[in-house]
>>> print(open('input.cif').read())   # mmCIF, C-alpha atoms
data_my_file
loop_
_atom_site.label_atom_id
_atom_site.label_comp_id
_atom_site.auth_asym_id
_atom_site.auth_seq_id
_atom_site.Cartn_x
_atom_site.Cartn_y
_atom_site.Cartn_z
CA MET D 1 -85.01 73.39 12.37
CA MET D 2 -81.50 71.95 12.63
CA LEU D 3 -78.87 73.12 10.19
CA LYS D 4 -77.13 70.32 8.32
CA ASN D 5 -73.64 70.06 6.89
CA VAL D 6 -72.70 73.60 7.79
CA SER D 7 -69.06 72.79 8.56
CA SER D 8 -66.50 72.63 5.80
CA GLU D 9 -65.28 69.19 4.73
CA ARG D 10 -61.80 70.38 5.60
CA ILE D 11 -62.50 70.31 9.35
CA SER D 12 -64.74 67.25 9.39
CA THR D 13 -62.04 65.01 10.84
CA MET D 14 -60.83 67.50 13.44
CA GLY D 15 -61.73 66.77 17.03
CA GLU D 16 -60.73 68.33 20.33
CA SER D 17 -56.98 68.76 20.84
CA ILE D 18 -55.45 66.05 23.04
CA PHE D 19 -53.92 68.83 25.14
CA THR D 20 -57.37 70.26 25.88
CA THR D 21 -58.71 66.80 26.70
CA MET D 22 -55.92 65.83 29.09
CA SER D 23 -55.77 69.22 30.83
CA LYS D 24 -59.52 69.07 31.38
CA LEU D 25 -59.19 65.59 32.90
CA ALA D 26 -56.26 66.74 35.05
CA PHE D 27 -58.44 69.52 36.47
CA GLU D 28 -61.45 67.24 37.02
CA LYS D 29 -59.35 64.56 38.75
CA ASN D 30 -57.15 67.05 40.64
CA ALA D 31 -54.16 65.34 39.04
CA VAL D 32 -50.58 66.51 38.63
CA ASN D 33 -50.41 67.88 35.09
CA LEU D 34 -47.30 66.70 33.24
CA GLY D 35 -49.26 66.86 30.00
CA GLN D 36 -49.79 70.27 28.43
CA GLY D 37 -46.56 72.00 27.46
CA PHE D 38 -46.31 75.23 29.38
CA PRO D 39 -44.47 76.25 32.57
CA ASP D 40 -46.45 76.31 35.83
CA PHE D 41 -44.22 79.16 37.04
CA ASP D 42 -43.50 82.69 35.84
CA GLY D 43 -40.91 83.33 33.17
CA TYR D 44 -38.38 86.13 32.79
CA ALA D 45 -39.31 88.74 35.41
CA MET D 46 -37.88 91.75 33.59
CA ILE D 47 -40.47 91.55 30.83
CA PHE D 48 -43.31 92.33 33.26
CA GLU D 49 -41.91 95.72 34.18
CA SER D 50 -40.96 96.37 30.58
CA ALA D 51 -44.49 95.70 29.34
CA TYR D 52 -45.97 97.86 32.10
CA ARG D 53 -43.59 100.68 31.20
CA ALA D 54 -44.62 100.43 27.55
CA MET D 55 -48.28 100.67 28.53
CA LYS D 56 -47.62 103.69 30.75
CA GLU D 57 -45.78 105.34 27.86
CA GLY D 58 -48.89 105.03 25.69
CA LYS D 59 -47.75 102.15 23.49
CA ASN D 60 -51.21 100.60 23.47
CA GLN D 61 -52.57 101.01 19.94
CA TYR D 62 -52.07 98.91 16.82
CA ALA D 63 -48.48 98.07 16.04
CA PRO D 64 -47.35 98.04 12.40
CA SER D 65 -48.61 94.84 10.80
CA PRO D 66 -45.09 93.33 10.38
CA GLY D 67 -44.30 94.15 14.04
CA ILE D 68 -42.59 97.01 15.83
CA LYS D 69 -39.24 97.92 14.31
CA SER D 70 -37.22 97.57 17.52
CA LEU D 71 -38.29 93.93 17.91
CA ARG D 72 -37.62 93.09 14.26
CA ASP D 73 -34.22 94.81 14.54
CA VAL D 74 -33.15 92.84 17.60
CA ILE D 75 -34.36 89.52 16.12
CA SER D 76 -32.22 90.30 13.08
CA GLU D 77 -29.23 90.94 15.36
CA VAL D 78 -29.81 87.71 17.29
CA ASN D 79 -29.89 85.65 14.09
CA SER D 80 -26.72 87.33 12.87
CA ASN D 81 -24.83 87.01 16.15
CA HIS D 82 -25.91 83.46 17.07
CA TYR D 83 -26.17 81.80 13.67
CA GLY D 84 -24.50 84.02 11.10
CA ILE D 85 -27.77 84.40 9.15
CA ALA D 86 -28.58 87.87 7.80
CA TYR D 87 -32.29 88.76 7.78
CA ASN D 88 -33.39 92.23 6.72
CA PRO D 89 -35.65 93.40 9.58
CA ASP D 90 -37.81 95.46 7.23
CA THR D 91 -38.50 92.84 4.57
CA GLU D 92 -37.66 89.41 6.03
CA ILE D 93 -39.01 89.31 9.60
CA THR D 94 -42.69 89.31 10.64
CA ILE D 95 -44.07 89.32 14.19
CA THR D 96 -47.06 87.02 14.65
CA ALA D 97 -49.56 86.06 17.35
CA GLY D 98 -47.33 83.30 18.64
CA ALA D 99 -45.65 80.68 16.51
CA THR D 100 -49.16 79.27 16.14
CA GLU D 101 -50.31 82.10 13.88
CA GLY D 102 -46.98 82.06 12.08
CA LEU D 103 -47.44 78.38 11.18
CA TYR D 104 -51.00 78.97 10.04
CA CYS D 105 -50.04 81.92 7.84
CA VAL D 106 -47.16 80.00 6.26
CA MET D 107 -49.32 77.03 5.28
CA GLN D 108 -52.02 79.31 3.91
CA ALA D 109 -49.43 81.28 1.96
CA PHE D 110 -47.75 78.36 0.20
CA LEU D 111 -50.05 75.32 0.00
CA ASN D 112 -52.55 74.93 -2.82
CA THR D 113 -55.34 72.37 -2.62
CA GLY D 114 -53.81 68.94 -3.18
CA ASP D 115 -50.21 69.98 -2.46
CA GLU D 116 -48.37 67.50 -0.26
CA ALA D 117 -46.44 68.43 2.89
CA ILE D 118 -44.01 66.03 4.54
CA LEU D 119 -44.19 65.81 8.34
CA PHE D 120 -41.77 63.97 10.59
CA GLU D 121 -43.85 61.88 12.99
CA PRO D 122 -44.52 62.12 15.86
CA TYR D 123 -45.55 65.58 14.67
CA TYR D 124 -46.74 68.59 16.62
CA ASP D 125 -50.50 68.43 16.05
CA ALA D 126 -50.78 72.03 14.80
CA HIS D 127 -48.47 71.16 11.88
CA TYR D 128 -50.90 68.50 10.72
CA ALA D 129 -53.96 70.70 11.32
CA ASP D 130 -52.48 73.67 9.46
CA VAL D 131 -51.71 71.54 6.41
CA ILE D 132 -55.30 70.27 6.39
CA LEU D 133 -56.75 73.77 6.87
CA ALA D 134 -54.77 74.98 3.86
CA GLY D 135 -56.15 72.16 1.70
CA GLY D 136 -52.86 70.28 1.70
CA ILE D 137 -52.22 66.54 2.07
CA PRO D 138 -49.87 65.43 4.88
CA LYS D 139 -47.29 62.72 4.18
CA PHE D 140 -45.19 61.14 6.89
CA VAL D 141 -41.62 60.13 7.70
CA THR D 142 -41.21 58.33 11.04
CA LEU D 143 -38.65 59.21 13.69
CA HIS D 144 -37.93 55.76 15.10
CA LYS D 145 -37.01 55.12 18.72
CA PRO D 146 -34.73 54.73 20.59
CA ASP D 147 -32.86 57.70 19.08
CA PHE D 148 -35.79 58.98 16.97
CA SER D 149 -33.80 58.77 13.75
CA PHE D 150 -35.01 58.57 10.16
CA THR D 151 -33.52 57.28 6.95
CA GLN D 152 -32.71 59.15 3.76
CA GLU D 153 -34.44 56.36 1.86
CA GLU D 154 -37.76 56.87 3.66
CA LEU D 155 -37.57 60.63 3.15
CA GLU D 156 -36.77 60.24 -0.55
CA GLN D 157 -39.61 57.75 -1.00
CA SER D 158 -42.09 60.23 0.47
CA ILE D 159 -41.41 62.76 -2.33
CA THR D 160 -43.91 62.85 -5.19
CA PRO D 161 -44.59 65.37 -7.99
CA LYS D 162 -47.20 66.91 -5.65
CA THR D 163 -44.77 67.56 -2.79
CA LYS D 164 -44.51 71.28 -1.98
CA LEU D 165 -42.73 71.46 1.35
CA ILE D 166 -41.07 69.65 4.25
CA VAL D 167 -41.98 70.58 7.82
CA LEU D 168 -39.05 70.38 10.23
CA ASN D 169 -39.27 70.81 14.01
CA SER D 170 -35.97 71.04 15.87
CA PRO D 171 -35.58 70.93 18.83
CA HIS D 172 -38.45 68.51 18.44
CA ASN D 173 -41.79 68.31 20.18
CA PRO D 174 -42.66 65.69 21.44
CA THR D 175 -39.40 63.66 21.43
CA GLY D 176 -36.85 66.25 22.57
CA LYS D 177 -34.64 65.33 19.59
CA VAL D 178 -32.27 67.92 18.15
CA PHE D 179 -31.65 67.16 14.47
CA SER D 180 -27.95 66.64 13.78
CA GLN D 181 -25.86 68.46 11.20
CA VAL D 182 -25.83 65.30 9.09
CA GLU D 183 -29.62 65.00 9.22
CA LEU D 184 -30.11 68.67 8.36
CA GLU D 185 -27.74 68.36 5.41
CA MET D 186 -29.70 65.32 4.22
CA ILE D 187 -32.98 67.27 4.37
CA ALA D 188 -31.41 70.29 2.69
CA LYS D 189 -29.96 68.18 -0.14
CA ILE D 190 -33.34 66.62 -0.83
CA ALA D 191 -35.15 69.99 -0.62
CA ILE D 192 -32.78 71.53 -3.15
CA LYS D 193 -32.86 68.48 -5.44
CA HIS D 194 -36.67 68.50 -5.60
CA ASP D 195 -37.10 72.30 -5.36
CA LEU D 196 -39.06 72.16 -2.09
CA LEU D 197 -39.70 74.69 0.63
CA VAL D 198 -38.71 73.86 4.21
CA VAL D 199 -40.90 75.15 7.06
CA SER D 200 -38.68 75.01 10.14
CA ASP D 201 -40.38 75.26 13.54
CA GLU D 202 -37.58 76.26 15.92
CA VAL D 203 -39.52 77.53 18.93
CA TYR D 204 -37.17 75.70 21.34
CA GLU D 205 -34.04 76.95 19.58
CA PHE D 206 -32.46 78.28 22.78
CA LEU D 207 -33.39 75.30 24.96
CA THR D 208 -30.79 72.60 24.36
CA PHE D 209 -28.84 70.52 26.87
CA ASP D 210 -25.47 68.86 27.46
CA ALA D 211 -23.63 71.19 25.06
CA VAL D 212 -25.86 70.08 22.15
CA LYS D 213 -26.05 72.90 19.61
CA HIS D 214 -29.12 73.91 17.64
CA VAL D 215 -28.32 74.59 13.98
CA PRO D 216 -30.98 76.38 11.92
CA ILE D 217 -31.42 74.66 8.57
CA ALA D 218 -31.57 78.12 6.94
CA LYS D 219 -27.86 78.43 7.74
CA LEU D 220 -26.95 75.63 5.32
CA GLU D 221 -25.79 76.52 1.83
CA GLY D 222 -28.62 77.15 -0.58
CA MET D 223 -31.32 77.01 2.09
CA LYS D 224 -32.10 80.56 3.18
CA GLU D 225 -34.00 81.33 -0.02
CA ARG D 226 -36.25 78.25 0.40
CA CYS D 227 -36.58 78.12 4.19
CA ILE D 228 -39.24 79.69 6.43
CA THR D 229 -38.14 79.73 10.07
CA ILE D 230 -40.68 80.15 12.87
CA SER D 231 -39.86 80.84 16.52
CA SER D 232 -41.44 82.02 19.75
CA THR D 233 -40.53 84.57 22.39
CA GLY D 234 -43.04 82.86 24.66
CA LYS D 235 -40.93 79.71 24.70
CA THR D 236 -37.63 81.57 25.00
CA PHE D 237 -38.72 83.85 27.84
CA GLY D 238 -41.16 81.52 29.58
CA SER D 239 -44.37 83.46 28.87
CA THR D 240 -46.38 81.33 26.46
CA GLY D 241 -49.59 83.26 27.13
CA TRP D 242 -48.15 86.46 25.64
CA LYS D 243 -48.31 84.91 22.15
CA ILE D 244 -45.46 86.80 20.47
CA GLY D 245 -43.92 84.71 17.72
CA TYR D 246 -41.95 85.56 14.59
CA VAL D 247 -41.30 84.29 11.09
CA CYS D 248 -38.00 84.79 9.26
CA ALA D 249 -37.78 84.21 5.52
CA ALA D 250 -36.40 85.67 2.32
CA LYS D 251 -38.28 88.70 0.99
CA GLU D 252 -40.25 86.87 -1.68
CA LEU D 253 -41.48 84.33 0.88
CA THR D 254 -42.13 87.02 3.50
CA ASP D 255 -44.26 89.00 1.04
CA ALA D 256 -46.59 86.00 0.69
CA ILE D 257 -46.72 85.35 4.44
CA ARG D 258 -47.57 88.97 5.19
CA LYS D 259 -50.48 88.86 2.76
CA VAL D 260 -52.08 86.21 4.98
CA HIS D 261 -50.95 87.76 8.27
CA GLN D 262 -52.61 91.10 7.49
CA TRP D 263 -55.99 89.37 7.20
CA THR D 264 -55.48 86.98 10.12
CA THR D 265 -54.50 89.20 13.04
CA PHE D 266 -53.14 92.27 11.18
CA ALA D 267 -50.94 93.07 14.18
CA VAL D 268 -50.24 91.64 17.64
CA ASN D 269 -49.96 92.87 21.23
CA THR D 270 -48.03 96.15 21.19
CA PRO D 271 -46.71 96.47 24.80
CA ALA D 272 -45.71 92.80 24.81
CA GLN D 273 -43.68 93.35 21.62
CA HIS D 274 -41.79 96.19 23.33
CA ALA D 275 -41.12 93.97 26.34
CA MET D 276 -39.77 91.17 24.17
CA ALA D 277 -37.53 93.59 22.31
CA ASP D 278 -36.02 94.58 25.67
CA ALA D 279 -35.68 90.92 26.67
CA PHE D 280 -33.77 90.01 23.50
CA GLY D 281 -31.35 92.79 24.39
CA THR D 282 -30.33 90.75 27.45
CA LEU D 283 -30.38 87.34 25.76
CA ASP D 284 -26.72 86.44 26.22
CA THR D 285 -26.83 87.00 29.99
CA TYR D 286 -30.25 85.35 30.31
CA LEU D 287 -29.63 82.09 28.46
CA PRO D 288 -27.12 80.34 30.77
CA ASP D 289 -29.51 80.41 33.74
CA PHE D 290 -32.47 79.56 31.51
CA ARG D 291 -30.76 76.45 30.16
CA ALA D 292 -29.42 75.42 33.56
CA LEU D 293 -32.89 75.69 35.12
CA TYR D 294 -34.51 73.44 32.54
CA GLN D 295 -31.63 70.98 32.43
CA SER D 296 -31.97 70.53 36.20
CA LYS D 297 -35.69 69.83 35.76
CA ARG D 298 -35.01 67.40 32.93
CA ASP D 299 -32.45 65.57 35.06
CA LEU D 300 -34.74 65.48 38.09
CA LEU D 301 -37.53 63.77 36.15
CA PHE D 302 -35.21 61.52 34.14
CA ASN D 303 -33.38 60.28 37.23
CA ALA D 304 -36.65 59.68 39.09
CA LEU D 305 -37.88 57.36 36.31
CA LYS D 306 -34.56 55.83 35.24
CA GLY D 307 -34.42 52.14 36.03
CA THR D 308 -38.20 51.76 35.99
CA GLU D 309 -40.43 50.24 33.32
CA TYR D 310 -40.91 53.74 31.91
CA LYS D 311 -37.36 53.67 30.47
CA PRO D 312 -37.19 57.43 29.83
CA TYR D 313 -35.49 58.77 26.69
CA LEU D 314 -33.09 61.59 27.56
CA PRO D 315 -34.07 64.67 25.50
CA GLU D 316 -31.43 66.88 23.90
CA GLY D 317 -33.72 69.90 23.74
CA SER D 318 -37.23 71.32 24.35
CA TYR D 319 -39.01 70.63 27.65
CA PHE D 320 -40.52 67.28 26.71
CA MET D 321 -39.52 63.72 27.53
CA MET D 322 -40.74 60.47 26.02
CA ILE D 323 -41.13 57.37 28.18
CA ASP D 324 -42.20 53.80 27.45
CA VAL D 325 -45.67 52.49 28.30
CA PRO D 326 -45.37 49.86 31.08
CA LYS D 327 -46.67 46.39 30.22
CA LYS D 328 -49.58 46.61 32.68
CA PHE D 329 -51.29 49.09 30.31
CA ASP D 330 -52.91 48.35 26.97
CA GLY D 331 -51.13 51.02 24.94
CA ASP D 332 -50.65 54.75 25.35
CA VAL D 333 -54.29 55.84 25.43
CA ASP D 334 -55.22 53.29 28.08
CA ALA D 335 -52.16 54.31 30.09
CA ALA D 336 -52.92 58.03 29.86
CA MET D 337 -56.57 57.60 30.86
CA ARG D 338 -55.80 55.29 33.78
CA LEU D 339 -52.87 57.36 34.99
CA VAL D 340 -54.99 60.52 35.24
CA SER D 341 -58.11 58.85 36.67
CA GLU D 342 -56.59 56.23 38.96
CA PHE D 343 -53.14 57.55 39.86
CA GLY D 344 -53.47 61.34 39.74
CA VAL D 345 -50.99 62.25 37.00
CA ALA D 346 -51.81 63.58 33.52
CA VAL D 347 -49.58 62.72 30.54
CA ILE D 348 -50.03 62.89 26.76
CA PRO D 349 -50.65 59.74 24.67
CA PRO D 350 -48.53 60.41 21.56
CA SER D 351 -50.21 57.95 19.19
CA VAL D 352 -52.35 60.94 18.12
CA PHE D 353 -49.15 62.43 16.66
CA TYR D 354 -48.53 59.41 14.40
CA SER D 355 -50.32 58.61 11.14
CA LYS D 356 -47.99 56.00 9.66
CA SER D 357 -46.22 54.10 12.43
CA SER D 358 -47.71 52.33 15.46
CA GLU D 359 -44.73 53.26 17.65
CA GLY D 360 -46.78 55.95 19.37
CA ASN D 361 -48.81 53.24 21.08
CA THR D 362 -45.71 52.28 23.06
CA LEU D 363 -44.85 55.77 24.33
CA LEU D 364 -46.04 58.59 26.60
CA ARG D 365 -45.01 62.25 26.56
CA LEU D 366 -44.17 64.20 29.70
CA CYS D 367 -43.56 67.94 30.10
CA PHE D 368 -40.89 68.95 32.62
CA ALA D 369 -41.50 72.72 32.45
CA LYS D 370 -42.90 72.48 35.95
CA LYS D 371 -41.97 73.40 39.50
CA ASP D 372 -39.70 70.83 41.13
CA GLU D 373 -42.43 69.84 43.59
CA THR D 374 -44.76 69.21 40.64
CA LEU D 375 -42.17 66.97 38.98
CA ILE D 376 -41.45 65.08 42.18
CA LYS D 377 -45.13 64.43 42.87
CA GLY D 378 -45.76 63.49 39.24
CA ALA D 379 -42.89 61.00 39.27
CA GLU D 380 -44.13 59.52 42.55
CA ASN D 381 -47.57 58.99 41.05
CA LEU D 382 -46.12 57.44 37.92
CA ILE D 383 -44.05 54.99 39.97
CA LYS D 384 -47.02 54.23 42.22
CA ALA D 385 -48.94 53.22 39.09
CA ILE D 386 -46.49 50.47 38.13
CA ASN D 387 -46.00 49.24 41.69
CA SER D 388 -49.70 48.95 42.54
#
>>> encode(input="input.cif", output="structure tokens")
Amino acid sequence: MMLKNVSSERISTMGESIFTTMSKLAFEKNAVNLGQGFPDFDGYAMIFESAYRAMKEGKNQYAPSPGIKSLRDVISEVNSNHYGIAYNPDTEITITAGATEGLYCVMQAFLNTGDEAILFEPYYDAHYADVILAGGIPKFVTLHKPDFSFTQEELEQSITPKTKLIVLNSPHNPTGKVFSQVELEMIAKIAIKHDLLVVSDEVYEFLTFDAVKHVPIAKLEGMKERCITISSTGKTFGSTGWKIGYVCAAKELTDAIRKVHQWTTFAVNTPAQHAMADAFGTLDTYLPDFRALYQSKRDLLFNALKGTEYKPYLPEGSYFMMIDVPKKFDGDVDAAMRLVSEFGVAVIPPSVFYSKSSEGNTLLRLCFAKKDETLIKGAENLIKAINS
């Protein structure tokens, strides 16, 4: 006898992630994968030896639920030294199973059923999913091309008596936008005016280009007490599979987040936490080469596609690049499916990250966190598609 209606209504509209779909197709078609956002090369080599040393020293059992103290201490120091933001490592920093768990815990901690959360679209799909899983209602403000800007008027109009929080992602996935000081001040002013929380996903905080500076919104006056900042050592040190993220927030907010975290994962990988603590200790010497490596990859892909129908948009941060859909394709989904099946290159159709605007139909997202030979071959296949 078949069971009926066993799934919750909350997940009824959730299908397979577009990243899973496109990576599966890339494997089946033996295509170059410029879709899913992770490096196809190893990250910071020192963390491997550091993790192994931690394991050999017997650091293999549960870590404290908030995370090991040395990692929380060094994250506190990094925030103080780089941004001038003081977080108490004991009461205001929590280590999570990647930024993914951090985002989930935050939404569960603060959204009641029917609360509204404002997302800037194109949004990272986990932001949308986490709002839904918490019983919240997503509302949308569009980042319009070519510079992926938004207006204060549209943001103000999205606020209702049910609005609980604004989700910010800077540097932004999928556009590569870094929100400007003026834009951050606009968001902060509105958050304070309407007494809203701001959930700030800053996993690419250390990956900006051309002297563009990332400014955490928590640094702005009046924002630390209402801002929850989420970041990722996996993005910073090029080891996404280690899943070591962290959440920084004022004590009252952290108390709520930890209540969810303790029943979600309780604690995360102990030796990997020790390795990341060591890595943060070398951050200032590591970052110049890290940024230079990714800027060279960005420039390689951008220059290969510049002057073509793809009309690439130069990203200021992250390792993603948006390009236009050539006129031979019938929108982004058609382009993505034909590119992977007919021309051997996988990309992401970003219309799945839009709920209000149709602009996503005109764009494709590429990931340039790949070996140079991968980028070169991917660009060749993309150009072959429009010349065939």
>>> resolve_selection(input="input.cif", expression="the PyMOL selection byres ((chain D and resi 49-54) around 9)", output="PyMOL selection string")
chain D and resi 45-48+55-60+270-276+278-279
>>> residues_around(input="input.cif", residues="range 209-221 of chain D", least_positions_apart="6", cutoff="9 Å", atoms="only C-alpha atoms", output="ChimeraX atom specification")
/D:83-85,168,170-171,178-181,184-185,187-188,198,200,202,227-229,249,291-292,294-295,315-318
>>> atom_distance(input="input.cif", atom1="CA of Thr96 in chain D", atom2="CA of Ile244 in chain D")
6.0 Å
>>> atom_distance(input="input.cif", atom1="CA of Thr208 in chain D", atom2="CA of Asn173 in chain D")
12.5 Å
>>> atom_distance(input="input.cif", atom1="CA of Thr175 in chain D", atom2="CA of Pro122 in chain D")
7.7 Å
>>> closest_residue(input="input.cif", among="D:Asp40, D:Glu92, D:Glu154, D:Asp130", to="Leu375 in chain D", atoms="all atoms listed in the file")
D:Asp40
>>> residues_around(input="input.cif", residues="Val340 in chain D", least_positions_apart="3", cutoff="10 Å", atoms="all atoms listed in the file", output="number ranges by chain")
D: 22-23, 25-33, 335-337, 343-347, 381-382
>>> write_last_selection(input="input.cif", atoms="C-alpha atoms", output="short mmCIF file (atom, residue, chain, number, x, y, z; two decimals), in the coordinates of the input")
data_model
loop_
_atom_site.label_atom_id
_atom_site.label_comp_id
_atom_site.auth_asym_id
_atom_site.auth_seq_id
_atom_site.Cartn_x
_atom_site.Cartn_y
_atom_site.Cartn_z
CA MET D 22 -55.92 65.83 29.09
CA SER D 23 -55.77 69.22 30.83
CA LEU D 25 -59.19 65.59 32.90
CA ALA D 26 -56.26 66.74 35.05
CA PHE D 27 -58.44 69.52 36.47
CA GLU D 28 -61.45 67.24 37.02
CA LYS D 29 -59.35 64.56 38.75
CA ASN D 30 -57.15 67.05 40.64
CA ALA D 31 -54.16 65.34 39.04
CA VAL D 32 -50.58 66.51 38.63
CA ASN D 33 -50.41 67.88 35.09
CA ALA D 335 -52.16 54.31 30.09
CA ALA D 336 -52.92 58.03 29.86
CA MET D 337 -56.57 57.60 30.86
CA PHE D 343 -53.14 57.55 39.86
CA GLY D 344 -53.47 61.34 39.74
CA VAL D 345 -50.99 62.25 37.00
CA ALA D 346 -51.81 63.58 33.52
CA VAL D 347 -49.58 62.72 30.54
CA ASN D 381 -47.57 58.99 41.05
CA LEU D 382 -46.12 57.44 37.92
#
>>> resolve_selection(input="input.cif", expression="the PyMOL selection byres ((chain D and resi 363-368) around 8)", output="mmCIF file with C-alpha atoms, in the coordinates of the input")
data_model
loop_
_atom_site.group_PDB
_atom_site.id
_atom_site.type_symbol
_atom_site.label_atom_id
_atom_site.label_comp_id
_atom_site.auth_asym_id
_atom_site.auth_seq_id
_atom_site.Cartn_x
_atom_site.Cartn_y
_atom_site.Cartn_z
ATOM 1 C CA LEU D 34 -47.300 66.700 33.240
ATOM 2 C CA GLY D 35 -49.260 66.860 30.000
ATOM 3 C CA GLN D 36 -49.790 70.270 28.430
ATOM 4 C CA GLY D 37 -46.560 72.000 27.460
ATOM 5 C CA PHE D 38 -46.310 75.230 29.380
ATOM 6 C CA PRO D 174 -42.660 65.690 21.440
ATOM 7 C CA THR D 175 -39.400 63.660 21.430
ATOM 8 C CA TYR D 294 -34.510 73.440 32.540
ATOM 9 C CA LYS D 297 -35.690 69.830 35.760
ATOM 10 C CA ARG D 298 -35.010 67.400 32.930
ATOM 11 C CA LEU D 301 -37.530 63.770 36.150
ATOM 12 C CA TYR D 319 -39.010 70.630 27.650
ATOM 13 C CA PHE D 320 -40.520 67.280 26.710
ATOM 14 C CA MET D 321 -39.520 63.720 27.530
ATOM 15 C CA MET D 322 -40.740 60.470 26.020
ATOM 16 C CA ILE D 323 -41.130 57.370 28.180
ATOM 17 C CA ASP D 324 -42.200 53.800 27.450
ATOM 18 C CA VAL D 325 -45.670 52.490 28.300
ATOM 19 C CA GLY D 331 -51.130 51.020 24.940
ATOM 20 C CA ASP D 332 -50.650 54.750 25.350
ATOM 21 C CA ALA D 336 -52.920 58.030 29.860
ATOM 22 C CA VAL D 347 -49.580 62.720 30.540
ATOM 23 C CA ILE D 348 -50.030 62.890 26.760
ATOM 24 C CA PRO D 349 -50.650 59.740 24.670
ATOM 25 C CA PRO D 350 -48.530 60.410 21.560
ATOM 26 C CA SER D 351 -50.210 57.950 19.190
ATOM 27 C CA GLU D 359 -44.730 53.260 17.650
ATOM 28 C CA GLY D 360 -46.780 55.950 19.370
ATOM 29 C CA ASN D 361 -48.810 53.240 21.080
ATOM 30 C CA THR D 362 -45.710 52.280 23.060
ATOM 31 C CA ALA D 369 -41.500 72.720 32.450
ATOM 32 C CA LYS D 370 -42.900 72.480 35.950
ATOM 33 C CA LEU D 375 -42.170 66.970 38.980
#
>>> resolve_selection(input="input.cif", expression="the PyMOL selection byres ((chain D and resi 312) around 7)", output="ChimeraX atom specification")
/D:302,305-306,310-311,313-314,322-324
>>> closest_residue(input="input.cif", among="D:Ser12, D:Thr94, D:Thr151, D:Ser65", to="Ser231 in chain D", atoms="only C-alpha atoms")
D:Thr94
>>> residues_around(input="input.cif", residues="range 104-114 of chain D", least_positions_apart="3", cutoff="7 Å", atoms="only C-alpha atoms", output="PyMOL selection string")
chain D and resi 100-101+130-131+134-137+256-257+260-261
>>> closest_residue(input="input.cif", among="D:Leu196, D:Ala385, D:Phe237, D:Lys139", to="Thr308 in chain D", atoms="all atoms listed in the file")
D:Ala385
>>> closest_residue(input="input.cif", among="D:Val182, D:Ile11, D:Leu207, D:Ile386", to="Pro326 in chain D", atoms="only C-alpha atoms")
D:Ile386
>>> closest_residue(input="input.cif", among="D:Phe206, D:Glu309, D:Ser358, D:Leu293", to="Phe329 in chain D", atoms="all atoms listed in the file")
D:Glu309
>>> build_atoms(input="input.cif", residues="range 43-55 of chain D", atoms="N, CA and C atoms", output="tab-separated table (two decimals), in the coordinates of the input")
chain	number	residue	atom	x	y	z
D	43	GLY	N	-42.12	83.27	33.96
D	43	GLY	CA	-40.91	83.33	33.17
D	43	GLY	C	-40.02	84.49	33.57
D	44	TYR	N	-39.39	85.10	32.60
D	44	TYR	CA	-38.38	86.13	32.79
D	44	TYR	C	-39.01	87.38	33.42
D	45	ALA	N	-38.62	87.70	34.65
D	45	ALA	CA	-39.31	88.74	35.41
D	45	ALA	C	-39.19	90.12	34.78
D	46	MET	N	-38.08	90.40	34.10
D	46	MET	CA	-37.88	91.75	33.59
D	46	MET	C	-38.92	92.17	32.56
D	47	ILE	N	-39.53	91.19	31.87
D	47	ILE	CA	-40.47	91.55	30.83
D	47	ILE	C	-41.77	92.13	31.41
D	48	PHE	N	-42.08	91.81	32.66
D	48	PHE	CA	-43.31	92.33	33.26
D	48	PHE	C	-43.21	93.85	33.43
D	49	GLU	N	-42.11	94.28	33.99
D	49	GLU	CA	-41.91	95.72	34.18
D	49	GLU	C	-41.78	96.43	32.83
D	50	SER	N	-41.15	95.77	31.90
D	50	SER	CA	-40.96	96.37	30.58
D	50	SER	C	-42.30	96.57	29.88
D	51	ALA	N	-43.18	95.58	29.96
D	51	ALA	CA	-44.49	95.70	29.34
D	51	ALA	C	-45.32	96.79	30.03
D	52	TYR	N	-45.23	96.83	31.35
D	52	TYR	CA	-45.97	97.86	32.10
D	52	TYR	C	-45.48	99.26	31.73
D	53	ARG	N	-44.16	99.39	31.59
D	53	ARG	CA	-43.59	100.68	31.20
D	53	ARG	C	-44.08	101.09	29.82
D	54	ALA	N	-44.14	100.13	28.90
D	54	ALA	CA	-44.62	100.43	27.55
D	54	ALA	C	-46.07	100.90	27.59
D	55	MET	N	-46.87	100.26	28.41
D	55	MET	CA	-48.28	100.67	28.53
D	55	MET	C	-48.40	102.07	29.10
